[in-house]
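Everything on this sheet refers to the single structure shown next.
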Number of protein chains: 2
Amino acid sequence: MRYVLLISFDGTHFAGSQRQPDARTVQSALEEAAGKVFVSPVRAALSGRTDAGVHAAGQVAQLDGETPVPPEKLREALNRLLPPDLKVLASRAAPAGFDCTRGARSKTYCYRFYTAESELPLLERYAVRVEGRIDAALLREAAERLVGEHDFAAFRATGSSAKTTVRTLYSVRVEERRVMGAKLYEVRVTGNGFLYNMVRIIAGELYAAGCGKARCEDIDLAFKTGDRTLLFRTMPAKGLTLEQVRFDVPLFGAQGGQDGII
Amino acid sequence: MRYVLLISFDGTHFAGSQRQPDARTVQSALEEAAGKVFVSPVRAALSGRTDAGVHAAGQVAQLDGETPVPPEKLREALNRLLPPDLKVLASRAAPAGFDCTRGARSKTYCYRFYTAESELPLLERYAVRVEGRIDAALLREAAERLVGEHDFAAFRATGSSAKTTVRTLYSVRVEERRVMGAKLYEVRVTGNGFLYNMVRIIAGELYAAGCGKARCEDIDLAFKTGDRTLLFRTMPAKGLTLEQVRFDVPLFGAQGGQDGII
């Protein structure tokens, strides 16, 4: 039987989501906890990979196996066994034919960076301090260029092996807020799929555009040529949070982790 | 010479602000860093104690000693030496007669708790999950009872030795927000001084009033009798953040850490 979980984790001390030998990962932590609640061998899968250090407010996972625990009670049963930095927010039986990897229709990620004279210890866990002055209007103008269907070949880490690099971004929204004397920028990207490191490269390019280190035309040229070197650097993992994964069927009602964390 | 610092720290891994033998404290971390920048023995003081686990967005500290570093450059010089969870946001020479302990006129603390079916890993560092349903109107009604000059004898931990237990609260504000499917409550208390554990006891009592476990009359009776047992439990340290300390003279302009962190 297949179960679906809405999970959240603080990625700081995880070596990413995907199982690796001798590393603490989200997948292995889930399987370890589930192993104590399931009466059969159990396999966990996530709706997509996240890198070491990336957080999740609302990732979707599935468990395959047999357990006497009713689907809706799995949440509590697993949470008693899971570490404080990984929790199940909701659990249910999977709808017929559900597959959390192939079924995901869109995802929303949020990238957070801030400008301040000093690092702010209370922001550093989920955001990245950047240099320079940011013009929010320039940032938003660059963000608009990204919306729509494009070939994002230039927006992926080398070594990534996706079959096609065409993706559609439904929205790229920028929020600017004052927090503890700093200016915090939240870049929220919703799309039908993401290449390896794509959101972190987008965040870097938007930051660069916002402080005049890059021009909007660079983005157009990057789409045309697929040349990664036209774009700014990949931003650090800790500023990235996977907020929501959507499927054709609504899985958990309003609960999807779509709001901000800072 | 005396220098004033605006500092911020994540209290998770500090054994409180005050120096203790063989413990990592804010005061000793400051003195250790300053010891490498000052040419004389240097003493650090903070505008008040905070417990192990309590955070600060804008605490005020002073350093007494001699250094060739210009006052405004102390920030950068110290930040290079300080750990990531403790940073100086601004530095300057102290005004004549300034004393960060005796000169503090008012302080603002924020206590954060939230209701959700599961613990939320991305909130747990700076907020505390509580049980039950909270009626924000009841919470605000109880908060209003606390405003003004009162004898807060019932609102302090046993063993505290303040000379007088009369304090004035200028405001107690409650904000309710939706964050990742949870309801987050921020209780912001500004007053002329605080007894040991006072804000954490206030937060506990307001939570209890909000979910019907306590009545507003209990607060009135606690003021009258000084009886700690009339009030709810002391809330955990990690939900508490010292946001701002005010003096007769403005020290750092707009920078005071007064905004929220979540």
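Ordering of the structure tokens sets the chain letters (A, B, ...), residue numbers begin anew at 1 in every chain, and ligands are numbered from 1 in the order given.
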
- request: Counting only C-alpha atoms, collect the residues of chain A whose closest atom lies at most 10 Å from chain B, and write them out as a ChimeraX atom specification.
  value: /A:7-11,55-58,75-76,79,83-90,116-126,178-182,241,243-244,254-262

DSSP strand (DSSP E) selection over segment 163-253 of chain B, as a ChimeraX atom specification: /B:166-179,182-191,240-246

With N, CA and C atoms kept, could you save the residues just selected as a PDB file, in the first residue's frame?
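Full text of again28.pdb as output:
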ATOM      1  N   VAL B 166       7.598  46.302  41.610  1.00  0.00           N
ATOM      2  CA  VAL B 166       6.692  47.166  40.838  1.00  0.00           C
ATOM      3  C   VAL B 166       7.367  47.524  39.515  1.00  0.00           C
ATOM      4  N   ARG B 167       6.670  47.279  38.437  1.00  0.00           N
ATOM      5  CA  ARG B 167       7.175  47.600  37.111  1.00  0.00           C
ATOM      6  C   ARG B 167       6.037  48.221  36.302  1.00  0.00           C
ATOM      7  N   THR B 168       6.418  48.963  35.246  1.00  0.00           N
ATOM      8  CA  THR B 168       5.407  49.527  34.356  1.00  0.00           C
ATOM      9  C   THR B 168       5.545  48.911  32.972  1.00  0.00           C
ATOM     10  N   LEU B 169       4.455  48.376  32.481  1.00  0.00           N
ATOM     11  CA  LEU B 169       4.434  47.899  31.088  1.00  0.00           C
ATOM     12  C   LEU B 169       3.754  48.971  30.239  1.00  0.00           C
ATOM     13  N   TYR B 170       4.478  49.465  29.255  1.00  0.00           N
ATOM     14  CA  TYR B 170       3.919  50.516  28.400  1.00  0.00           C
ATOM     15  C   TYR B 170       2.979  49.931  27.354  1.00  0.00           C
ATOM     16  N   SER B 171       3.284  48.737  26.892  1.00  0.00           N
ATOM     17  CA  SER B 171       2.385  48.100  25.919  1.00  0.00           C
ATOM     18  C   SER B 171       2.588  46.588  25.914  1.00  0.00           C
ATOM     19  N   VAL B 172       1.514  45.886  25.647  1.00  0.00           N
ATOM     20  CA  VAL B 172       1.558  44.429  25.451  1.00  0.00           C
ATOM     21  C   VAL B 172       0.725  44.178  24.202  1.00  0.00           C
ATOM     22  N   ARG B 173       1.398  43.912  23.098  1.00  0.00           N
ATOM     23  CA  ARG B 173       0.685  43.773  21.826  1.00  0.00           C
ATOM     24  C   ARG B 173       0.723  42.333  21.345  1.00  0.00           C
ATOM     25  N   VAL B 174      -0.372  41.908  20.767  1.00  0.00           N
ATOM     26  CA  VAL B 174      -0.476  40.534  20.278  1.00  0.00           C
ATOM     27  C   VAL B 174      -0.705  40.556  18.779  1.00  0.00           C
ATOM     28  N   GLU B 175       0.122  39.846  18.038  1.00  0.00           N
ATOM     29  CA  GLU B 175      -0.099  39.692  16.600  1.00  0.00           C
ATOM     30  C   GLU B 175      -0.363  38.233  16.297  1.00  0.00           C
ATOM     31  N   GLU B 176      -1.327  37.988  15.439  1.00  0.00           N
ATOM     32  CA  GLU B 176      -1.684  36.623  15.041  1.00  0.00           C
ATOM     33  C   GLU B 176      -1.431  36.510  13.544  1.00  0.00           C
ATOM     34  N   ARG B 177      -0.673  35.493  13.146  1.00  0.00           N
ATOM     35  CA  ARG B 177      -0.360  35.327  11.727  1.00  0.00           C
ATOM     36  C   ARG B 177      -0.423  33.870  11.314  1.00  0.00           C
ATOM     37  N   ARG B 178      -0.795  33.638  10.050  1.00  0.00           N
ATOM     38  CA  ARG B 178      -0.759  32.298   9.461  1.00  0.00           C
ATOM     39  C   ARG B 178       0.635  32.063   8.904  1.00  0.00           C
ATOM     40  N   VAL B 179       1.302  31.022   9.362  1.00  0.00           N
ATOM     41  CA  VAL B 179       2.617  30.678   8.843  1.00  0.00           C
ATOM     42  C   VAL B 179       2.656  29.174   8.614  1.00  0.00           C
ATOM     43  N   ALA B 182       0.201  26.959  10.221  1.00  0.00           N
ATOM     44  CA  ALA B 182       0.091  27.130  11.670  1.00  0.00           C
ATOM     45  C   ALA B 182      -0.409  28.527  11.992  1.00  0.00           C
ATOM     46  N   LYS B 183      -0.886  28.718  13.227  1.00  0.00           N
ATOM     47  CA  LYS B 183      -1.166  30.067  13.692  1.00  0.00           C
ATOM     48  C   LYS B 183      -0.055  30.468  14.637  1.00  0.00           C
ATOM     49  N   LEU B 184       0.622  31.545  14.250  1.00  0.00           N
ATOM     50  CA  LEU B 184       1.745  32.026  15.046  1.00  0.00           C
ATOM     51  C   LEU B 184       1.296  33.263  15.818  1.00  0.00           C
ATOM     52  N   TYR B 185       1.579  33.260  17.126  1.00  0.00           N
ATOM     53  CA  TYR B 185       1.243  34.403  17.974  1.00  0.00           C
ATOM     54  C   TYR B 185       2.527  35.063  18.443  1.00  0.00           C
ATOM     55  N   GLU B 186       2.619  36.377  18.229  1.00  0.00           N
ATOM     56  CA  GLU B 186       3.763  37.133  18.714  1.00  0.00           C
ATOM     57  C   GLU B 186       3.266  38.091  19.789  1.00  0.00           C
ATOM     58  N   VAL B 187       3.785  37.919  20.994  1.00  0.00           N
ATOM     59  CA  VAL B 187       3.423  38.799  22.103  1.00  0.00           C
ATOM     60  C   VAL B 187       4.605  39.729  22.341  1.00  0.00           C
ATOM     61  N   ARG B 188       4.391  41.014  22.103  1.00  0.00           N
ATOM     62  CA  ARG B 188       5.462  42.006  22.212  1.00  0.00           C
ATOM     63  C   ARG B 188       5.219  42.877  23.448  1.00  0.00           C
ATOM     64  N   VAL B 189       6.141  42.828  24.383  1.00  0.00           N
ATOM     65  CA  VAL B 189       5.976  43.503  25.666  1.00  0.00           C
ATOM     66  C   VAL B 189       7.039  44.583  25.814  1.00  0.00           C
ATOM     67  N   THR B 190       6.604  45.820  26.034  1.00  0.00           N
ATOM     68  CA  THR B 190       7.540  46.917  26.291  1.00  0.00           C
ATOM     69  C   THR B 190       7.313  47.436  27.705  1.00  0.00           C
ATOM     70  N   GLY B 191       8.393  47.547  28.477  1.00  0.00           N
ATOM     71  CA  GLY B 191       8.252  48.012  29.857  1.00  0.00           C
ATOM     72  C   GLY B 191       9.525  48.672  30.352  1.00  0.00           C
ATOM     73  N   LEU B 240      11.685  33.254  23.300  1.00  0.00           N
ATOM     74  CA  LEU B 240      11.866  34.644  23.744  1.00  0.00           C
ATOM     75  C   LEU B 240      13.015  35.347  23.014  1.00  0.00           C
ATOM     76  N   THR B 241      12.738  36.548  22.523  1.00  0.00           N
ATOM     77  CA  THR B 241      13.758  37.363  21.864  1.00  0.00           C
ATOM     78  C   THR B 241      13.734  38.777  22.440  1.00  0.00           C
ATOM     79  N   LEU B 242      14.880  39.241  22.900  1.00  0.00           N
ATOM     80  CA  LEU B 242      15.009  40.644  23.304  1.00  0.00           C
ATOM     81  C   LEU B 242      15.164  41.460  22.031  1.00  0.00           C
ATOM     82  N   GLU B 243      14.212  42.360  21.775  1.00  0.00           N
ATOM     83  CA  GLU B 243      14.231  43.060  20.484  1.00  0.00           C
ATOM     84  C   GLU B 243      14.899  44.432  20.544  1.00  0.00           C
ATOM     85  N   GLN B 244      14.661  45.155  21.630  1.00  0.00           N
ATOM     86  CA  GLN B 244      15.166  46.530  21.636  1.00  0.00           C
ATOM     87  C   GLN B 244      15.361  47.038  23.063  1.00  0.00           C
ATOM     88  N   VAL B 245      16.424  47.818  23.262  1.00  0.00           N
ATOM     89  CA  VAL B 245      16.673  48.492  24.538  1.00  0.00           C
ATOM     90  C   VAL B 245      16.769  49.980  24.237  1.00  0.00           C
ATOM     91  N   ARG B 246      16.004  50.782  24.958  1.00  0.00           N
ATOM     92  CA  ARG B 246      16.018  52.231  24.712  1.00  0.00           C
ATOM     93  C   ARG B 246      16.663  52.963  25.879  1.00  0.00           C
TER      94      ARG B 246
END

Straight-line distance linking atom CA of Asp218 of chain A with atom CA of Gly132 of chain A, stated in Å to one decimal: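 Interatomic distance here is 19.5 Å.
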
field: Interatomic distance (Å, one decimal) between atom CA of Arg92 of chain B and atom CA of Glu31 of chain B
entry: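 A separation of 16.7 Å between them.
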
message: If we count only C-alpha atoms and set the cut-off at 12 Å, which residues sit around segment 93-105 of chain A, ignoring sequence neighbours fewer than 6 positions away in its own chain? Please answer as an MDAnalysis selection string.
response: chainID A and resid 1:6 44:49 59:67 69:75 167:170 190:194 244:252

- request: Looking only at alpha helix (DSSP H) from DSSP on the backbone, list the matching residues of segment 99-178 of chain A as a ChimeraX atom specification.
  value: /A:136-146

- prompt: In Å, with one decimal, what is the gap from atom CA of Thr50 of chain A to atom CA of Glu131 of chain A?
  reply: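 Taking atom CA of Thr50 of chain A and atom CA of Glu131 of chain A, their separation equals 26.0 Å.
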
task: Would you list the contacts of Phe155 of chain B as a list in words, taking every protein, DNA or RNA residue within 10 Å and counting only C-alpha atoms, but skipping same-chain residues closer than 3 positions in sequence?
output: Asp151, Phe152, Thr158, Thr165, Phe194, Leu195, Tyr196, Asn197, Met198, Val199, Arg200, Ile201, Ile202, Glu205, Ile219, Ala222, Phe223, Gly226, Asp227, Arg228, Thr229, Leu230, Leu231, Phe232 and Thr234 of chain B

For the selection just defined, write its residues with N, CA, C and O atoms to a file, as a tab-separated table (two decimals), in the first residue's frame.
chain	number	residue	atom	x	y	z
B	151	ASP	N	2.31	45.66	40.64
B	151	ASP	CA	3.27	44.85	41.39
B	151	ASP	C	3.32	43.47	40.75
B	151	ASP	O	2.38	42.69	40.85
B	152	PHE	N	4.43	43.19	40.07
B	152	PHE	CA	4.56	41.94	39.31
B	152	PHE	C	5.20	40.81	40.13
B	152	PHE	O	5.79	39.89	39.56
B	158	THR	N	10.89	32.05	41.43
B	158	THR	CA	11.31	32.02	42.83
B	158	THR	C	12.84	32.14	42.87
B	158	THR	O	13.53	31.65	41.99
B	165	THR	N	9.24	45.01	43.24
B	165	THR	CA	8.65	44.19	42.19
B	165	THR	C	7.61	44.99	41.39
B	165	THR	O	6.85	44.43	40.61
B	194	PHE	N	12.11	44.46	33.88
B	194	PHE	CA	11.50	43.12	33.92
B	194	PHE	C	12.15	42.28	35.02
B	194	PHE	O	13.37	42.30	35.18
B	195	LEU	N	11.33	41.58	35.77
B	195	LEU	CA	11.83	40.67	36.79
B	195	LEU	C	12.29	39.37	36.14
B	195	LEU	O	12.00	39.12	34.96
B	196	TYR	N	12.97	38.54	36.91
B	196	TYR	CA	13.51	37.29	36.39
B	196	TYR	C	12.38	36.38	35.88
B	196	TYR	O	11.44	36.08	36.63
B	197	ASN	N	12.45	36.00	34.61
B	197	ASN	CA	11.45	35.14	33.95
B	197	ASN	C	10.09	35.81	33.71
B	197	ASN	O	9.12	35.15	33.30
B	198	MET	N	10.02	37.12	33.94
B	198	MET	CA	8.73	37.81	33.88
B	198	MET	C	8.04	37.68	32.52
B	198	MET	O	6.84	37.39	32.45
B	199	VAL	N	8.78	37.86	31.43
B	199	VAL	CA	8.14	37.79	30.11
B	199	VAL	C	7.69	36.36	29.81
B	199	VAL	O	6.63	36.14	29.22
B	200	ARG	N	8.46	35.38	30.22
B	200	ARG	CA	8.09	33.99	29.97
B	200	ARG	C	6.88	33.58	30.80
B	200	ARG	O	6.08	32.74	30.38
B	201	ILE	N	6.72	34.17	31.98
B	201	ILE	CA	5.52	33.89	32.79
B	201	ILE	C	4.32	34.63	32.19
B	201	ILE	O	3.22	34.09	32.08
B	202	ILE	N	4.53	35.87	31.75
B	202	ILE	CA	3.47	36.61	31.05
B	202	ILE	C	2.99	35.83	29.82
B	202	ILE	O	1.79	35.64	29.60
B	205	GLU	N	0.87	32.91	30.81
B	205	GLU	CA	-0.45	33.30	31.30
B	205	GLU	C	-1.34	33.79	30.16
B	205	GLU	O	-2.54	33.48	30.12
B	219	ILE	N	-5.30	37.24	36.72
B	219	ILE	CA	-4.22	38.23	36.62
B	219	ILE	C	-4.41	39.30	37.69
B	219	ILE	O	-3.47	39.66	38.40
B	222	ALA	N	-3.52	37.87	40.96
B	222	ALA	CA	-2.07	37.68	41.08
B	222	ALA	C	-1.39	39.00	41.41
B	222	ALA	O	-0.46	39.05	42.22
B	223	PHE	N	-1.86	40.11	40.81
B	223	PHE	CA	-1.32	41.43	41.15
B	223	PHE	C	-1.55	41.73	42.63
B	223	PHE	O	-0.69	42.25	43.32
B	226	GLY	N	0.35	38.60	44.81
B	226	GLY	CA	1.75	38.23	44.56
B	226	GLY	C	1.97	36.73	44.50
B	226	GLY	O	3.10	36.26	44.57
B	227	ASP	N	0.89	35.99	44.33
B	227	ASP	CA	0.96	34.52	44.41
B	227	ASP	C	1.27	33.91	43.04
B	227	ASP	O	0.41	33.85	42.16
B	228	ARG	N	2.49	33.42	42.87
B	228	ARG	CA	2.93	32.83	41.61
B	228	ARG	C	2.07	31.64	41.19
B	228	ARG	O	1.87	31.40	40.00
B	229	THR	N	1.53	30.91	42.17
B	229	THR	CA	0.79	29.68	41.85
B	229	THR	C	-0.55	29.96	41.18
B	229	THR	O	-1.17	29.05	40.66
B	230	LEU	N	-0.99	31.22	41.18
B	230	LEU	CA	-2.23	31.56	40.49
B	230	LEU	C	-2.03	31.57	38.97
B	230	LEU	O	-3.00	31.55	38.21
B	231	LEU	N	-0.76	31.62	38.55
B	231	LEU	CA	-0.48	31.80	37.12
B	231	LEU	C	0.01	30.51	36.49
B	231	LEU	O	0.46	29.59	37.16
B	232	PHE	N	-0.07	30.49	35.15
B	232	PHE	CA	0.31	29.32	34.36
B	232	PHE	C	1.84	29.16	34.38
B	232	PHE	O	2.57	29.99	34.89
B	234	THR	N	5.85	28.82	33.34
B	234	THR	CA	6.85	29.61	32.62
B	234	THR	C	7.10	28.97	31.27
B	234	THR	O	7.32	27.78	31.18

- prompt: Can you tell me, as a PyMOL selection string, what residues are no more than 9 Å from Asp135 of chain A when counting only C-alpha atoms, ignoring any on the same chain fewer than 6 positions away?
  reply: chain A and resi 209-212

Go ahead and save the picked residues with N, CA, C and O atoms, as a PDB file, in the first residue's frame.
ATOM      1  N   ALA A 209      21.025  41.411 -11.044  1.00  0.00           N
ATOM      2  CA  ALA A 209      20.257  42.420 -11.783  1.00  0.00           C
ATOM      3  C   ALA A 209      19.818  43.534 -10.837  1.00  0.00           C
ATOM      4  O   ALA A 209      19.895  44.716 -11.177  1.00  0.00           O
ATOM      5  N   GLY A 210      19.385  43.168  -9.650  1.00  0.00           N
ATOM      6  CA  GLY A 210      18.895  44.150  -8.681  1.00  0.00           C
ATOM      7  C   GLY A 210      19.960  45.129  -8.233  1.00  0.00           C
ATOM      8  O   GLY A 210      19.653  46.279  -7.923  1.00  0.00           O
ATOM      9  N   CYS A 211      21.222  44.711  -8.226  1.00  0.00           N
ATOM     10  CA  CYS A 211      22.252  45.659  -7.785  1.00  0.00           C
ATOM     11  C   CYS A 211      23.133  46.106  -8.936  1.00  0.00           C
ATOM     12  O   CYS A 211      24.227  46.629  -8.737  1.00  0.00           O
ATOM     13  N   GLY A 212      22.637  45.906 -10.166  1.00  0.00           N
ATOM     14  CA  GLY A 212      23.311  46.493 -11.325  1.00  0.00           C
ATOM     15  C   GLY A 212      24.527  45.722 -11.816  1.00  0.00           C
ATOM     16  O   GLY A 212      25.244  46.186 -12.698  1.00  0.00           O
TER      17      GLY A 212
END
